[in-house]
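Student: Mind looking over this structure? Questions follow.
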2 protein chains.
Amino acid sequence: MNQVINLKHKASLFTDHWSPKVIAELNDYQFKLAKLKGEFDWHKHDDTDEAFLIQSGELIIELPDNESVHLAEGEMFVVPKGLMHKPVAKEECTALIIEPKGVINTGEKNERTAENDVWI
Amino acid sequence: MNQVINLKHKASLFTDHWSPKVIAELNDYQFKLAKLKGEFDWHKHDDTDEAFLIQSGELIIELPDNESVHLAEGEMFVVPKGLMHKPVAKEECTALIIEPKGVINTGEKNERTAENDVWI
């Protein structure tokens with residue numbers, strides 16, 4: 001169980017987009033790697049904040065009122081609970097997402113809802 | 001409040017060792033940057049796991065029974081709740097620590113206990 005987790009190695013183990021993979025748990029929270037490319041759906045998480053820490057590439061997170069944040073490698077942003085947001089990656093981006101277990105990636109379930117608790 | 005957090009920039013803002021600085025909050029959890037050099041004390045956290053994500057340098061976390069984990073940049077490890085551990089950095093290491101607010105860095109309070117909730 002004394003497991004060192006190498007983020008680049010974990011990121012090399014999958015190729016699909018918008019499908020977060022669990023790499024570690026911390027109490028009832030999970031660390032998930034996700035590859036993002038293109039535009040995701042507008043959504044929100046009513047019960048939790050959501051942290052994005054960029055591992056490679058760039059991510060734009062569109063926010064209400066035409067605001068947005070632009071994240072490069074080594075940068076992070078915490079989307080506050082309840083705030084509508086839309087992740088957009090012009091080129092492929094790898095993000096480490098930290099949030100409680102069981103969060104639905106699309107906010108409400110839809111055809112882009114990813115399966116939870118998929119470990120790599 | 002739409003604040004992008006650049007980890008390298010934040011790390012450039014302080015020089016003291018074993019004194020974690022809060023850079024972000026996620027619900028009742030905190031992201032803290034810490035510069036580590038030398039040997040810390042053996043300690044444990046009875047109420048929580050603790051995640052280390054190495055930003056620069058290398059960190060050894062000594063564990064019971066002469067076990068240890070060796071972490072390089074881009075690697076992470078979660079110290080399980082209640083497990084005795086001793087961080088050791090031969091050269092300066094910068095680590096991102098993720099854990100609930102209010103955790104005492106030394107487990108029990110002693111002369112190396114750092115002040116909590118110091119933001120940079």
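Identifiers for the structure tokens are assigned positionally: chains receive A, B, ... in sequence, residues are indexed from 1 per chain, and ligands are indexed from 1 in the order shown.
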Counting only C-alpha atoms, which residues of chain A come no farther than 6 Å from chain B, as a tab-separated table (two decimals) with N, CA and C atoms, in the first residue's frame?

Tutor:
```tsv
chain	number	residue	atom	x	y	z
A	4	VAL	N	3.76	4.90	-4.51
A	4	VAL	CA	4.10	6.19	-5.12
A	4	VAL	C	3.30	6.32	-6.41
A	5	ILE	N	2.67	7.45	-6.59
A	5	ILE	CA	1.84	7.69	-7.77
A	5	ILE	C	2.56	8.70	-8.65
A	6	ASN	N	2.96	8.24	-9.84
A	6	ASN	CA	3.64	9.13	-10.78
A	6	ASN	C	2.61	9.65	-11.78
A	7	LEU	N	2.38	10.94	-11.76
A	7	LEU	CA	1.26	11.50	-12.54
A	7	LEU	C	1.47	11.33	-14.05
A	26	LEU	N	-8.09	10.39	-0.65
A	26	LEU	CA	-7.68	11.10	0.56
A	26	LEU	C	-8.95	11.25	1.40
A	27	ASN	N	-9.09	10.44	2.43
A	27	ASN	CA	-10.35	10.40	3.18
A	27	ASN	C	-11.48	10.13	2.18
A	49	ASP	N	-17.12	22.34	-3.99
A	49	ASP	CA	-16.11	22.98	-4.81
A	49	ASP	C	-15.42	21.90	-5.66
A	74	GLY	N	0.90	23.75	-14.36
A	74	GLY	CA	1.38	24.24	-13.07
A	74	GLY	C	0.46	25.27	-12.43
A	75	GLU	N	-0.70	25.46	-13.04
A	75	GLU	CA	-1.67	26.41	-12.46
A	75	GLU	C	-2.92	25.68	-12.01
A	76	MET	N	-3.57	26.22	-10.99
A	76	MET	CA	-4.78	25.61	-10.48
A	76	MET	C	-5.88	26.65	-10.26
A	77	PHE	N	-7.09	26.14	-10.19
A	77	PHE	CA	-8.26	26.97	-9.95
A	77	PHE	C	-9.29	26.12	-9.22
```

Student: As a PyMOL selection string, please: all residues of chain B that backbone DSSP puts in strand (DSSP E or B).

Tutor: chain B and resi 5-6+17+21-26+29-39+43+50-56+59-62+68-71+75-79+85-100+119

Student: Just give me the gap between atom CA of A:Pro64 and atom CA of A:Gln30 in Å, one decimal is fine.

Tutor: 26.5 Å

Student: Please provide the set of residues having any atom within 7 Å of A:Trp119, restricted to only C-alpha atoms, with same-chain residues fewer than 2 positions apart removed, written as a PyMOL selection string.

Tutor: chain A and resi 21-23+117

Student: For B:Trp18, work out the shell of residues within 9 Å, counting only C-alpha atoms and skipping chain neighbours fewer than 3 positions away, then give it as a ChimeraX atom specification.

Tutor: /B:34-37,40,105,112-114
